[in-house]
Amino acid sequence: MRRASLFALSGIFLGLPLRAAAAEPPPLPADATTPPASETAPATGDAPPTLPSGDPGAVAPPAGAEGTAGGEVSGAVSGDLSGSTNTTTEAPTPGPEVEVPAPAPPKPRSDKQPGMVQGRREPAINSLRGGLGLYHTTLADVGGRHTVRVRLHTDFFRKEGFIYNSDEHGPDQQGRVRGTVNIGYSPFKWGELFLAVHSQASRNARAQPGRQDQTNQFALGDLDFGIKGAHRFVKGGAIGLGGQLGIGLLSGTSRLLTDKVNFNIDFLFTVDVRYLTKKQVPVRFTTNIGWILDNSGKLIDFEKFTDPTSREVSRFALGVAPSRVRMRYGLDFPVRLGKEGKFGLDPIVELAWDVATAEMPAFFQAGASPSPLPRSSLWGTVGLRANVIAGLHLDAAVDIGMVSPNFEYGPPVAPWQVILGLGWSIDPNPVVKEVPAPVTSEPLPAPAVVEGRVVGQVLDNTGAPVAGAKVRFPGAASNAILTDDQGNFTSYRFPEGQVAIQVELANKATKDATADIKAGEDTQLTITMDVANTPPVGILDGAFTDEAGAPVLVTLSVSGNGVDEPFTSTEGGLIRLELPAGDYFGIARAPGFEDKSLRFTVTPGEQFTTVKESLRRATPVETPLVSGKGKKLRLKKAIRYTSANGVDDKSAALVEQLAAFLNTHPEYEEIEIGVHTDDRGNPKQRSSERADAVRSALLAKGVSPDRVTANGYGDNSPVAVNLTAAGRAKNNRTVIKVTRYKGETTAPAKAPKAGKKAAEPAAPSP
């Protein structure tokens, strides 16, 4: 018992769980007496010590520990944790019963992973001008794969006596406003691309005589883009290492064109304490160390300034700085709030230190104190970033200037600067949540037994496959299956046993069959019908005339019951067709007449279905720009074309009248569209495309494609020299030539008087 007590005390001082002393009862209160051995150590077979009824979570001490017999607790303990322990092997006098408190239940383990929100990487946005990060510090992280980040920010300050402060003329009034749009994308697991566009406006008002700089100066549209690589390791992401390469395109003050180029390289290191602590303490430390080759000093010729103050004001307004080492140190505290961590707050503290690496001439202004760090620019940043909803971020910060370099080693550091930002992080990856299945005491229903199928073919009595036959399974399935072009079908799955099958052809012939379904197998079946799959047919007998009763040659387009094709009548307007029985829709067309729509039903058998229709002559269309005489067609205007060799809108009316003329004059059975061009470019291609464009326009207006051909002759047949604009204009021409002509068509005949027969119209083209 003394060894178990020592284990317990050692565990208390070391902060370890009291597993080694589990067999020893816990210490008694100070006012409790030592229980008798007869009550604390019952003999084998007796009931174990009684637990307090008021503690529902209490459990009995574990059985089988040292000092037990048959799984019961034996021995006694008195005193407190001061180190005094009394054990006895003799049964003391009876005393009060001891209540053994139950050990506290273990805390449930948290499965929430640091840096994750609802199954995704927590939303984050880019730094002011680089990749994913804080304000001036870039994190050694690239965010979730395929994440897109958009950030907009502005910063501003105003200061009196910032660069110039004269006892005679007073101090200057300096103000500056900057703005940046930063876009980042993570195409790879360890890689990120970023692009930033930024501009600034600076105003320095002072009463200095002989100043050479402008009061307002602008730096327009500088562009930074780069690539960052980073990898997180140690406990799933506690340590991050990475690097960043960037290029800056400087546009100057007067135009949005690249004048000079900057280059920078940075080493990135991040420690995320959330991954290293059990309670996921929200602390993150980041540092960047890098170097930038800065060519902004070459944007303009600063040697032209004879006034040093004007030169330095201009350098500050344009953000001119020498090449330098850049060091950034950031400490932030990313906290997730709300249900499932949907909202976030991130207080941020940063320190930025730039050290110029180039030798620069000294510039001294009367009354100015030299910098304690001649080459250094040093400032701190304090800010707060809020992940408001989803990936939307709002942030605000203040830069606090600490050390400005001597002039020429960099622009002076603003004493203060307000930063306001808005960002949005878009993560296209879906969120996958594991939802526990509901626990039910009711047994799940047994799965349906679906074992086999019927794979068959339907043939008619000639052995030909029957397409479109309906295959039904009476009593087993209500839907019918249609056979394919080869008469094949595959049934639903059915339980093992016999299934009834019924086949119906298009002519309503049916046949019944059965198939034996076998477990896990496809039953092959061929069903041969007793009749051929020939649907019943009937005869259509049609006659077509004009309004006066004279026969008209027509083309009848018939659709229905698997039929969709045109049929031509005789010159006497008669037509006879054998069609499958059923309902049909038809359109009768004839040159010079309006289309006639009709519906009819063909009945099976030898009885004819008679259709008699009268067509009305179409009203002649006015075509003042197109005329014809004999075998010649004449266009009163030239067809114009676009730069893409299409018909110009100015010639649309001309082409439309040409199409109307051809539709109402069937005697012009075929025409050729011949296009000629000058010798510029590719004459053959240009002329062919123009001819095809005219033909397509005519076909779109209803002209039959058999009546129009198109040919491009290029510059093979010039009618003038191509040395002048007038000559080229003559060579660019379109010629409409009639290649097949059949007689002349008179004006539409008037209705005959009573007792007279209408004149026979001229035979139209087939």
# chains A, B, ... in the order shown; residues from 1 in each chain; ligands from 1
$ residues_around --residues "segment 231-241 of chain A" --least-positions-apart "2" --cutoff "6 Å" --atoms "only C-alpha atoms" --output "number ranges by chain"
A: 140, 190, 268-272, 275
$ write_last_selection --atoms "C-alpha atoms" --output "CSV table (one decimal), in the first residue's frame"
chain,number,residue,atom,x,y,z
A,140,ALA,CA,4.8,30.9,-45.8
A,190,TRP,CA,2.4,24.4,-52.9
A,268,LEU,CA,9.5,33.2,-46.0
A,269,PHE,CA,9.2,31.5,-42.6
A,270,THR,CA,6.1,30.9,-40.5
A,271,VAL,CA,5.4,29.2,-37.1
A,272,ASP,CA,1.7,28.5,-36.3
A,275,TYR,CA,-0.7,23.2,-34.5
$ select_by_dssp --residues "segment 389-569 of chain A" --states "strand (DSSP E)" --output "ChimeraX atom specification"
/A:389,392-403,416-426,453-459,470-473,477-482,488-490,497-504,510-517,522-528,537-545,555-560,563-568
$ write_last_selection --atoms "C-alpha atoms" --output "compact mmCIF listing (two decimals), in the first residue's frame"
# COMPACT_ATOMS: atom_id res chain seq x y z
CA ILE A 389 -18.94 36.03 -43.76
CA LEU A 392 -15.38 38.30 -47.23
CA HIS A 393 -12.74 40.23 -45.25
CA LEU A 394 -12.67 43.77 -43.88
CA ASP A 395 -9.56 45.23 -42.28
CA ALA A 396 -8.14 48.46 -40.89
CA ALA A 397 -4.62 49.26 -39.72
CA VAL A 398 -2.26 52.09 -38.87
CA ASP A 399 1.40 52.34 -39.89
CA ILE A 400 3.52 54.16 -37.31
CA GLY A 401 6.77 55.66 -38.58
CA MET A 402 9.85 55.02 -36.43
CA VAL A 403 13.00 55.80 -38.43
CA TRP A 416 1.43 57.74 -39.52
CA GLN A 417 -0.68 56.15 -42.22
CA VAL A 418 -4.21 54.72 -42.19
CA ILE A 419 -4.86 51.50 -44.15
CA LEU A 420 -8.37 50.37 -45.12
CA GLY A 421 -8.97 47.13 -47.01
CA LEU A 422 -11.64 44.89 -48.49
CA GLY A 423 -10.98 41.33 -49.67
CA TRP A 424 -12.76 38.23 -50.85
CA SER A 425 -11.42 34.68 -50.85
CA ILE A 426 -13.22 32.25 -53.17
CA ARG A 453 -32.70 -10.69 -66.97
CA VAL A 454 -34.03 -11.68 -70.37
CA VAL A 455 -31.81 -10.78 -73.33
CA GLY A 456 -33.73 -11.51 -76.51
CA GLN A 457 -34.46 -10.77 -80.17
CA VAL A 458 -37.73 -10.45 -82.11
CA LEU A 459 -37.93 -11.76 -85.72
CA LYS A 470 -43.26 -3.58 -78.00
CA VAL A 471 -42.13 -6.19 -75.44
CA ARG A 472 -44.23 -6.38 -72.27
CA PHE A 473 -44.03 -8.51 -69.11
CA ALA A 477 -43.70 -4.81 -65.12
CA SER A 478 -46.14 -2.25 -66.51
CA ASN A 479 -43.81 -0.48 -68.96
CA ALA A 480 -43.09 -1.83 -72.43
CA ILE A 481 -39.60 -2.14 -73.96
CA LEU A 482 -39.03 -1.27 -77.64
CA ASN A 488 -32.82 -6.82 -79.73
CA PHE A 489 -34.08 -6.03 -76.22
CA THR A 490 -32.93 -6.41 -72.62
CA GLY A 497 -38.48 -18.18 -61.70
CA GLN A 498 -40.70 -17.99 -64.77
CA VAL A 499 -41.80 -14.66 -66.33
CA ALA A 500 -44.50 -14.10 -68.99
CA ILE A 501 -43.64 -12.10 -72.15
CA GLN A 502 -45.94 -10.49 -74.76
CA VAL A 503 -44.70 -9.03 -78.08
CA GLU A 504 -46.75 -6.62 -80.20
CA THR A 510 -49.14 -10.18 -80.94
CA LYS A 511 -47.47 -13.28 -79.56
CA ASP A 512 -47.08 -14.65 -76.00
CA ALA A 513 -43.98 -16.40 -74.66
CA THR A 514 -42.32 -17.33 -71.36
CA ALA A 515 -38.75 -17.31 -70.05
CA ASP A 516 -37.08 -19.01 -67.09
CA ILE A 517 -35.10 -16.51 -64.99
CA ASP A 522 -29.02 -13.50 -68.53
CA THR A 523 -31.58 -15.75 -70.23
CA GLN A 524 -31.17 -15.74 -74.03
CA LEU A 525 -34.47 -15.82 -75.95
CA THR A 526 -35.51 -15.53 -79.61
CA ILE A 527 -39.18 -14.81 -80.38
CA THR A 528 -40.33 -15.47 -83.96
CA VAL A 537 -51.45 0.35 -96.09
CA GLY A 538 -53.94 2.45 -98.05
CA ILE A 539 -54.09 4.53 -101.23
CA LEU A 540 -54.08 8.34 -101.40
CA ASP A 541 -55.65 9.76 -104.55
CA GLY A 542 -55.06 13.52 -104.90
CA ALA A 543 -55.96 16.18 -107.45
CA PHE A 544 -54.73 19.80 -107.44
CA THR A 545 -56.09 22.72 -109.48
CA THR A 555 -44.89 18.98 -105.01
CA LEU A 556 -46.61 17.37 -102.02
CA SER A 557 -44.46 17.05 -98.88
CA VAL A 558 -45.93 14.27 -96.70
CA SER A 559 -45.00 13.60 -93.05
CA GLY A 560 -46.38 11.03 -90.59
CA VAL A 563 -42.91 8.97 -93.84
CA ASP A 564 -41.21 12.36 -94.36
CA GLU A 565 -40.47 13.13 -98.03
CA PRO A 566 -41.81 15.11 -101.03
CA PHE A 567 -43.76 13.60 -103.95
CA THR A 568 -44.35 15.24 -107.38
$ atom_distance --atom1 "atom CA of Pro705 of chain A" --atom2 "atom CA of Leu658 of chain A"
14.3 Å
$ residues_around --residues "Lys636 of chain A" --least-positions-apart "2" --cutoff "8 Å" --atoms "only C-alpha atoms" --output "number ranges by chain"
A: 625-626, 634, 638
$ residues_around --residues "segment 204-209 of chain A" --least-positions-apart "6" --cutoff "6 Å" --atoms "only C-alpha atoms" --output "ChimeraX atom specification"
/A:169,172-174,215
